[in-house]
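Structure record follows, encoded as structure tokens.
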Amino acid sequence: MLWTRTFIPTMKQTPEGAEVPSHVLMLRAGLIHQVMAGAYTYLPLGLRSLRKAEQIVREEMDAAGAVEVAMSCMSPVSLWEQTGRVAAFGDVLVQVTLRRKERKVPVVFGPTHEEIITDLVAKHISSYRQMPITFYQITPKFRNEERPRFGVLRTSEFLMKDAYSFDASVEALGQSYQKMYDAYCRIFGRCGLDYLAVEAESGPIGGDVSHEFMVPASNGEDMIVHCEACGYAANLERAEVGPSGTPAPNLPMQPLCQVETPGVTTIEQVSRFLGCRPQDMIKTLIYTADGQPIAVLIRGDHEANDAKIRRAVKAQHVALAEPELIQRITGAPVGFAGPKGLREKVPIWADRAIQTMCNAVTGANVADAHLTGVNLQRDFQVAGFADLRVAADGDPCPRCSGQLALRHAIEVGHVFKLGTKYSEALGARFLDEQEQLRPIIMGCYGIGINRILASVIETHHDADGILWPVALAPYEVVLVPVNVMEPQTRQVSEQLHNELTAAGVDVLLDDRDQRAGVKFKDADLIGFPLRVVISERGLKQHQIEIKWRWDQESEMIDLEGGAQAILQRIRHEKATNQGFRSRST
Ligand SMILES: [Zn+2]
């Protein structure tokens with residue numbers, strides 16, 4: 001391809017409103033153009049990278065035995081009502097009403113496609129003999145993001161690979177899940193991403209087991225914990241906290257004492273007012289668990305984790321109680337709850353950190369008052385101890401003696417065991433070997449294709465621009481003739497271009513009549529992995545100059561056999577990502 005024949009509108013300035021590197025650099029390198037907040041046009045170079053990411057995903061899905069379909073973006077709202085997801089998605093669901101003569105047809109632009117694929121399967125699969133089967137597609141998805149931002153990291157329209165497995169047994173689902181998990185590792189490995197497969201809650205999509213594929217990056221919107229010692233990784237919702245190992249301090253118990261704390265309710269206020277540390281205080285939170293009130297005790301400097309509380313008390317649903325209920329249970333306004341002297345007897349659950357506290361500060365269950373010198377057993381008893389809090393940086397690892405590190409990350413994929421939620425709601429049943437009718441067991445598996453590109457850029461860029469792995473670069477090689485008007489330079493450049501193209505290398509010839517400095521700057525900004533400079537001076541020695549985007553030094557190679565030498569280097573780098581991986585941001 002010739003530079004002057006394609007369309008590469010590079011920019012020198014940082015575009016307004018672009019904050020994170022991937023957004024800034026994709027705009028500046030002429031990969032994308034903003035249509036409106038949360039919607040982008042992919043320009044020729046951006047589209048080439050997007051298609052390459054898509055193709056890697058397709059190849060690995062095919063290799064894992066999944067079959068490709070393309071479902072309609074539009075589907076009837078009735079399907080989404082049957083699964084309760086109109087309410088579950090709320091404003092995120094993009095809905096429109098089509099006018100068809102006198103009829104009005106309410107339609108959903110799918111954020112994902114469980115309903116559509118399950119409806120298809122319900123109509124065509126009826127026997128265990130037709131399974132296992134996994135369908136996938138790579139199509140645009142729609143979410144009405146309230147705050148679209150960070151360029152292609154968070155948009156209202158995005159390209160997603162979504163896959164759905166259908167199995168006759170839980171064991172078979174386990175195999176389908178593992179195939180997808182392994183395929184994801186190959187996909188993100190080929191893309192050169194330093195990813196982590198983290199344990200995750202299944203979230204609003206339902207089911208019981210899931211993993212998220214996360215790329216640690218300072219601008220990532222998700223938080224994960226990671227133990228470098230053993231590799232344990234989980235998202236914050238799921239992350240377990242290991243036993244602390246610190247024994248209870250052997251201090252004499254102080255007498256229980258009620259102190260006046262007028263209008264002082266938060267941990268920060270109480271700590272300042274009484275001159276005690278947050279870790280010497282106990283937060284008493286009133287929750288409802290499946291409608292029944294419970295009290296949850298968390299150390300003052302820790303955060304309660306609703307998902308852990310839900311699992312510990314074996315409830316379907318937990319939520320913080322409304323102020324009226326809190327007042328009824330504690331007999332005091334919100335902000336003065338404590339485990340001693342609750343007006344109503346409710347089960348008290350405590351985080352494990354409470355076990356080693358002594359002489360704690362708690363609310364007094366009386367307006368404008370707190371208690372000091374509060375001690376477990378003497379002053380209050382609990383129904384049980386459990387890990388009920390959000391993991392924090394430096395917490396002990398639950399799997400080894402290491403420490404958890406808290407990191408920002410970008411979610412690029414997820415794998416879920418869904419179970420039978422959708423097959424039951426939409427009547428996807430099959431006859432098993434005993435001729436019994438049973439709901440099909442499903443899994444679902446997503447990858448954000450645009451986010452693969454954004455993750456690469458967030459983790460691989462420098463002051464000059466993007467660094468691409470060969471597998472995803474818009475072009476693998478850029479040829480830069482220093483002076484295109486010089487006949488021999490031009491002739492050699494074109495010949496190299498033709499030889500490389502014939503050998504299957506993606507090559508762009510910068511045939512602009514521009515100063516070399518301008519072309520070098522653009523090449524670095526866009527981030528072509530290998531730059532080849534053809535100059536009069538070099539040609540006098542029968543040589544051309546090659547330089548990897550991530551290296552400081554260039555290398556002179558012989559023009560004779562030059563195309564072969566370039567081809568070999570590109571093939572090796574594409575297979576290993578060696579140079580690319582050596583230079584992460
Ligand atoms: Zn560990």
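Residue numbering restarts at 1 in every chain; chains get A, B, ... in the order shown in the structure tokens, and ligands count up from 1 in that same order.
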
Residues near range 371-381 of chain A, anyone? I mean within 9 Å using only C-alpha atoms, not counting same-chain ones fewer than 4 positions away, as a list in words. Met253, Gln254, Pro255, Leu256, Cys257, Gln258, Val259, Glu260, Met281, Gly338, Pro339, Lys340, Gly341, Ile348, Ile354, Gln355, Met357, Cys358, Asn359, Ala360, Val361, Thr362, Gly363 and Ala364 of chain A

Using only C-alpha atoms and all ligand atoms, I'd like a table of the residues in chain A that come within 10 Å of ligand 1; for each, show the closest atom pair and its distance in Å rounded to one decimal, ordered by chain and ascending number, as CSV.
residue,atom,partner,partner_atom_place_in_ligand_line,distance
A:His226,CA,ligand 1,1 (Zn),7.9
A:Cys227,CA,ligand 1,1 (Zn),4.6
A:Glu228,CA,ligand 1,1 (Zn),6.6
A:Ala229,CA,ligand 1,1 (Zn),5.1
A:Cys230,CA,ligand 1,1 (Zn),4.1
A:Gly231,CA,ligand 1,1 (Zn),6.1
A:Tyr232,CA,ligand 1,1 (Zn),5.4
A:Ala233,CA,ligand 1,1 (Zn),8.6
A:Gly242,CA,ligand 1,1 (Zn),9.1
A:Pro396,CA,ligand 1,1 (Zn),8.0
A:Cys397,CA,ligand 1,1 (Zn),4.7
A:Pro398,CA,ligand 1,1 (Zn),6.5
A:Arg399,CA,ligand 1,1 (Zn),4.9
A:Cys400,CA,ligand 1,1 (Zn),4.1
A:Ser401,CA,ligand 1,1 (Zn),6.1
A:Gly402,CA,ligand 1,1 (Zn),4.8
A:Gln403,CA,ligand 1,1 (Zn),6.5
A:Leu404,CA,ligand 1,1 (Zn),7.2

Writer output for current selection, all heavy atoms, as a short mmCIF file (atom, residue, chain, number, x, y, z; two decimals), in the first residue's frame:
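Once everything was written out, this is selection-v5.cif:
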data_model
loop_
_atom_site.label_atom_id
_atom_site.label_comp_id
_atom_site.auth_asym_id
_atom_site.auth_seq_id
_atom_site.Cartn_x
_atom_site.Cartn_y
_atom_site.Cartn_z
N HIS A 226 -3.77 -9.25 43.08
CA HIS A 226 -2.87 -10.22 42.47
C HIS A 226 -1.77 -10.55 43.46
O HIS A 226 -1.22 -9.65 44.09
CB HIS A 226 -2.27 -9.62 41.18
CG HIS A 226 -1.34 -10.55 40.47
ND1 HIS A 226 -0.19 -10.13 39.87
CD2 HIS A 226 -1.41 -11.89 40.28
CE1 HIS A 226 0.43 -11.17 39.33
NE2 HIS A 226 -0.29 -12.25 39.56
N CYS A 227 -1.49 -11.84 43.63
CA CYS A 227 -0.37 -12.25 44.46
C CYS A 227 0.75 -12.70 43.53
O CYS A 227 0.58 -13.68 42.80
CB CYS A 227 -0.77 -13.40 45.39
SG CYS A 227 0.64 -14.12 46.26
N GLU A 228 1.84 -11.97 43.52
CA GLU A 228 2.94 -12.32 42.61
C GLU A 228 3.61 -13.63 43.02
O GLU A 228 4.16 -14.32 42.18
CB GLU A 228 3.97 -11.19 42.57
CG GLU A 228 3.42 -9.96 41.89
CD GLU A 228 4.48 -9.19 41.13
OE1 GLU A 228 5.67 -9.47 41.33
OE2 GLU A 228 4.08 -8.31 40.33
N ALA A 229 3.53 -13.96 44.31
CA ALA A 229 4.21 -15.17 44.79
C ALA A 229 3.57 -16.43 44.23
O ALA A 229 4.29 -17.33 43.78
CB ALA A 229 4.20 -15.19 46.31
N CYS A 230 2.24 -16.52 44.23
CA CYS A 230 1.60 -17.77 43.80
C CYS A 230 0.72 -17.60 42.57
O CYS A 230 0.22 -18.57 42.02
CB CYS A 230 0.78 -18.37 44.94
SG CYS A 230 -0.74 -17.48 45.29
N GLY A 231 0.47 -16.34 42.13
CA GLY A 231 -0.34 -16.13 40.94
C GLY A 231 -1.82 -15.98 41.21
O GLY A 231 -2.60 -15.76 40.28
N TYR A 232 -2.24 -16.09 42.48
CA TYR A 232 -3.66 -15.90 42.78
C TYR A 232 -4.11 -14.53 42.28
O TYR A 232 -3.44 -13.52 42.53
CB TYR A 232 -3.91 -16.01 44.28
CG TYR A 232 -5.33 -15.67 44.71
CD1 TYR A 232 -6.37 -16.58 44.48
CD2 TYR A 232 -5.63 -14.44 45.31
CE1 TYR A 232 -7.67 -16.26 44.85
CE2 TYR A 232 -6.93 -14.13 45.68
CZ TYR A 232 -7.94 -15.04 45.45
OH TYR A 232 -9.24 -14.72 45.82
N ALA A 233 -5.24 -14.49 41.57
CA ALA A 233 -5.76 -13.21 41.08
C ALA A 233 -7.27 -13.25 41.12
O ALA A 233 -7.89 -14.27 40.80
CB ALA A 233 -5.28 -12.95 39.64
N GLY A 242 -6.65 -13.62 53.11
CA GLY A 242 -6.06 -14.72 53.87
C GLY A 242 -6.09 -14.43 55.36
O GLY A 242 -6.29 -13.29 55.78
N PRO A 396 -3.01 -10.27 53.43
CA PRO A 396 -2.40 -11.58 53.21
C PRO A 396 -3.10 -12.35 52.09
O PRO A 396 -4.32 -12.27 51.94
CB PRO A 396 -2.59 -12.28 54.56
CG PRO A 396 -3.59 -11.49 55.31
CD PRO A 396 -3.57 -10.10 54.77
N CYS A 397 -2.33 -13.08 51.29
CA CYS A 397 -2.87 -13.89 50.20
C CYS A 397 -3.63 -15.08 50.80
O CYS A 397 -3.18 -15.67 51.78
CB CYS A 397 -1.73 -14.39 49.31
SG CYS A 397 -2.26 -15.59 48.06
N PRO A 398 -4.79 -15.43 50.22
CA PRO A 398 -5.55 -16.57 50.76
C PRO A 398 -4.95 -17.92 50.38
O PRO A 398 -5.33 -18.94 50.93
CB PRO A 398 -6.92 -16.40 50.11
CG PRO A 398 -6.67 -15.66 48.85
CD PRO A 398 -5.51 -14.75 49.13
N ARG A 399 -3.98 -17.94 49.46
CA ARG A 399 -3.45 -19.22 48.96
C ARG A 399 -2.02 -19.50 49.42
O ARG A 399 -1.57 -20.63 49.36
CB ARG A 399 -3.48 -19.24 47.43
CG ARG A 399 -4.84 -19.03 46.81
CD ARG A 399 -5.68 -20.30 46.82
NE ARG A 399 -6.93 -20.07 46.10
CZ ARG A 399 -8.02 -19.57 46.66
NH1 ARG A 399 -8.03 -19.24 47.95
NH2 ARG A 399 -9.11 -19.37 45.95
N CYS A 400 -1.28 -18.43 49.77
CA CYS A 400 0.11 -18.66 50.18
C CYS A 400 0.48 -17.63 51.24
O CYS A 400 -0.37 -16.88 51.71
CB CYS A 400 1.05 -18.60 48.97
SG CYS A 400 1.43 -16.93 48.38
N SER A 401 1.75 -17.55 51.59
CA SER A 401 2.15 -16.61 52.63
C SER A 401 2.49 -15.24 52.05
O SER A 401 2.97 -14.36 52.75
CB SER A 401 3.35 -17.17 53.39
OG SER A 401 4.41 -17.41 52.47
N GLY A 402 2.21 -15.06 50.75
CA GLY A 402 2.50 -13.78 50.10
C GLY A 402 1.48 -12.71 50.42
O GLY A 402 0.60 -12.90 51.25
N GLN A 403 1.66 -11.56 49.74
CA GLN A 403 0.78 -10.42 49.96
C GLN A 403 0.01 -10.10 48.70
O GLN A 403 0.51 -10.25 47.59
CB GLN A 403 1.62 -9.19 50.31
CG GLN A 403 1.89 -9.04 51.78
CD GLN A 403 2.43 -7.65 52.10
OE1 GLN A 403 2.73 -6.87 51.21
NE2 GLN A 403 2.53 -7.35 53.38
N LEU A 404 -1.23 -9.59 48.87
CA LEU A 404 -2.03 -9.18 47.72
C LEU A 404 -1.67 -7.75 47.32
O LEU A 404 -1.52 -6.88 48.17
CB LEU A 404 -3.52 -9.24 48.06
CG LEU A 404 -4.08 -10.62 48.42
CD1 LEU A 404 -5.56 -10.51 48.79
CD2 LEU A 404 -3.90 -11.58 47.25
#

Grab the CA of Gln130 in chain A to CA of Tyr184 in chain A distance for me, in Å with one decimal place. 24.9 Å

Residue neighbourhood range 26-37 of chain A, 6 Å, only C-alpha atoms, exclusion window fewer than 3 positions, as number ranges by chain: A: 8-11, 22-23, 40-43, 45-46, 525-526

Write out, as a PDB file, in the first residue's frame, the residues just selected, with C-alpha atoms.
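Saved result, selection.pdb, follows:
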ATOM      1  CA  ILE A   8      -3.991   8.607   7.430  1.00  0.00           C
ATOM      2  CA  PRO A   9      -4.989  11.905   9.073  1.00  0.00           C
ATOM      3  CA  THR A  10      -2.328  12.134  11.800  1.00  0.00           C
ATOM      4  CA  MET A  11      -2.475  15.016  14.300  1.00  0.00           C
ATOM      5  CA  SER A  22      -5.137   4.928  24.049  1.00  0.00           C
ATOM      6  CA  HIS A  23      -7.746   7.583  23.271  1.00  0.00           C
ATOM      7  CA  TYR A  40     -16.259   6.217  16.632  1.00  0.00           C
ATOM      8  CA  THR A  41     -15.532   5.632  12.968  1.00  0.00           C
ATOM      9  CA  TYR A  42     -12.614   3.296  12.381  1.00  0.00           C
ATOM     10  CA  LEU A  43     -10.349   4.826   9.739  1.00  0.00           C
ATOM     11  CA  LEU A  45      -5.399   1.942   9.755  1.00  0.00           C
ATOM     12  CA  GLY A  46      -7.579   1.468  12.837  1.00  0.00           C
ATOM     13  CA  LEU A 525       3.285   7.875  16.261  1.00  0.00           C
ATOM     14  CA  ILE A 526       1.413   5.095  14.448  1.00  0.00           C
TER      15      ILE A 526
END

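Proximity ranking of A:Val480, A:Met160, A:Met74, A:Ala565 relative to Val518 in chain A places A:Val480 first, based on only C-alpha atoms.
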
Contacts of range 485-516 of chain A with range 527-530 of chain A up to 12 Å, shortest pair per row, only C-alpha atoms, as CSV:
residue,atom,partner,partner_atom,distance
A:Val505,CA,A:Leu530,CA,11.2
A:Asp506,CA,A:Phe528,CA,10.2
A:Val507,CA,A:Phe528,CA,9.4
A:Leu508,CA,A:Phe528,CA,9.2
A:Leu509,CA,A:Phe528,CA,11.6
A:Asp510,CA,A:Phe528,CA,11.8

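Among the candidates A:His408, A:Arg5, A:Lys141, A:Arg48, the residue lying nearest to Asn235 in chain A is A:His408 (atoms considered: only C-alpha atoms).
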
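Among the candidates A:Arg154, A:Arg438, A:Arg571, A:Lys345, the one nearest to Val20 in chain A when counting only C-alpha atoms is A:Arg154.
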
With a distance cut-off of 12 Å and only C-alpha atoms, select the neighbouring residues of Cys191 in chain A, excluding the residue or stretch itself and same-chain residues fewer than 2 positions from it, and output the selection as a ChimeraX atom specification. /A:49-50,52-57,60,184-189,193-195,215,412,449,451-457,460,468-473,573-578,580-581

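Around range 266-268 of chain A, within 8 Å and counting only C-alpha atoms, the residues found are Pro278, Met281, Lys283, Gly300 and Gly335 of chain A, once anything fewer than 5 positions away on its own chain is removed.
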
Run DSSP on the backbone and grab whatever in range 265-477 of chain A lands in strand (DSSP E); send it over as a VMD selection string. chain A and resid 282 to 289 292 to 299 318 to 320 348 to 351 360 to 363 369 to 374 384 to 386 405 to 419 429 to 431 437 to 439 441 to 448 461 to 462 465 to 466 477

Residue neighbourhood Arg515 in chain A, 12 Å, only C-alpha atoms, exclusion window fewer than 2 positions, as a compact mmCIF listing (two decimals) with N, CA, C and O atoms, in the first residue's frame:
# COMPACT_ATOMS: atom_id res chain seq x y z
N VAL A 480 10.43 3.86 4.36
CA VAL A 480 10.57 5.32 4.32
C VAL A 480 11.70 5.72 3.38
O VAL A 480 12.87 5.69 3.77
N PRO A 481 11.40 6.08 2.13
CA PRO A 481 12.43 6.63 1.25
C PRO A 481 12.72 8.07 1.70
O PRO A 481 11.79 8.84 1.89
N VAL A 482 14.01 8.37 1.95
CA VAL A 482 14.35 9.69 2.46
C VAL A 482 13.99 10.77 1.43
O VAL A 482 13.46 11.82 1.78
N ASN A 483 14.24 10.48 0.17
CA ASN A 483 13.89 11.43 -0.88
C ASN A 483 13.20 10.69 -2.02
O ASN A 483 13.85 10.06 -2.86
N VAL A 484 11.88 10.76 -2.04
CA VAL A 484 11.12 9.98 -3.04
C VAL A 484 11.37 10.49 -4.46
O VAL A 484 11.07 9.80 -5.43
N MET A 485 11.89 11.72 -4.59
CA MET A 485 12.06 12.29 -5.92
C MET A 485 13.35 11.77 -6.57
O MET A 485 13.55 11.95 -7.76
N ASP A 510 5.81 4.84 2.45
CA ASP A 510 5.54 6.27 2.68
C ASP A 510 6.11 7.06 1.49
O ASP A 510 7.25 7.51 1.51
N ASP A 511 5.26 7.21 0.47
CA ASP A 511 5.70 7.84 -0.78
C ASP A 511 5.42 9.33 -0.80
O ASP A 511 5.41 9.95 -1.85
N ARG A 512 5.17 9.91 0.39
CA ARG A 512 4.91 11.36 0.43
C ARG A 512 6.19 12.14 0.15
O ARG A 512 7.27 11.75 0.61
N ASP A 513 6.06 13.23 -0.57
CA ASP A 513 7.19 14.10 -0.82
C ASP A 513 7.33 15.04 0.38
O ASP A 513 6.94 16.19 0.34
N GLY A 517 12.21 13.73 8.49
CA GLY A 517 11.85 13.91 9.90
C GLY A 517 10.35 13.80 10.11
O GLY A 517 9.89 13.20 11.10
N VAL A 518 9.58 14.36 9.21
CA VAL A 518 8.11 14.31 9.32
C VAL A 518 7.64 12.86 9.21
O VAL A 518 6.79 12.39 9.98
N LYS A 519 8.22 12.13 8.27
CA LYS A 519 7.81 10.73 8.06
C LYS A 519 8.20 9.86 9.26
O LYS A 519 7.44 8.98 9.66
N PHE A 520 9.39 10.11 9.81
CA PHE A 520 9.82 9.33 10.98
C PHE A 520 8.88 9.57 12.16
O PHE A 520 8.49 8.63 12.87
N LYS A 521 8.49 10.83 12.36
CA LYS A 521 7.58 11.16 13.46
C LYS A 521 6.25 10.44 13.31
O LYS A 521 5.71 9.89 14.26
N ASP A 522 5.70 10.46 12.09
CA ASP A 522 4.43 9.77 11.84
C ASP A 522 4.56 8.25 12.03
O ASP A 522 3.67 7.61 12.59

Find the spatial neighbours of range 114-120 of chain A, counting only C-alpha atoms, within a cut-off of 8 Å - ignore same-chain residues fewer than 2 positions away - and output them as a PyMOL selection string. chain A and resi 71+75+79-80+83+112+122-124+164+422-423+426-428+444

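Distance annotation: of A:Leu25, A:Ala405, A:Leu559, A:Ile294, the residue with the minimal separation from Lys12 in chain A is A:Leu25; atom set is only C-alpha atoms.
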
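Going from CA of Phe430 in chain A over to CA of Leu418 in chain A, you cover 16.9 Å.
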
Atom pair CA of Gly384 in chain A + CA of Arg311 in chain A, distance 12.8 Å

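Proximity to Pro76 in chain A was assessed for A:Val108, A:Ala369, A:Leu173, A:Met61 counting only C-alpha atoms; the smallest distance is recorded for A:Val108.
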
Nearest to Glu157 in chain A by atom-to-atom distance, counting only C-alpha atoms, from A:Glu411, A:Gly110, A:Lys104, A:Ala39: A:Ala39
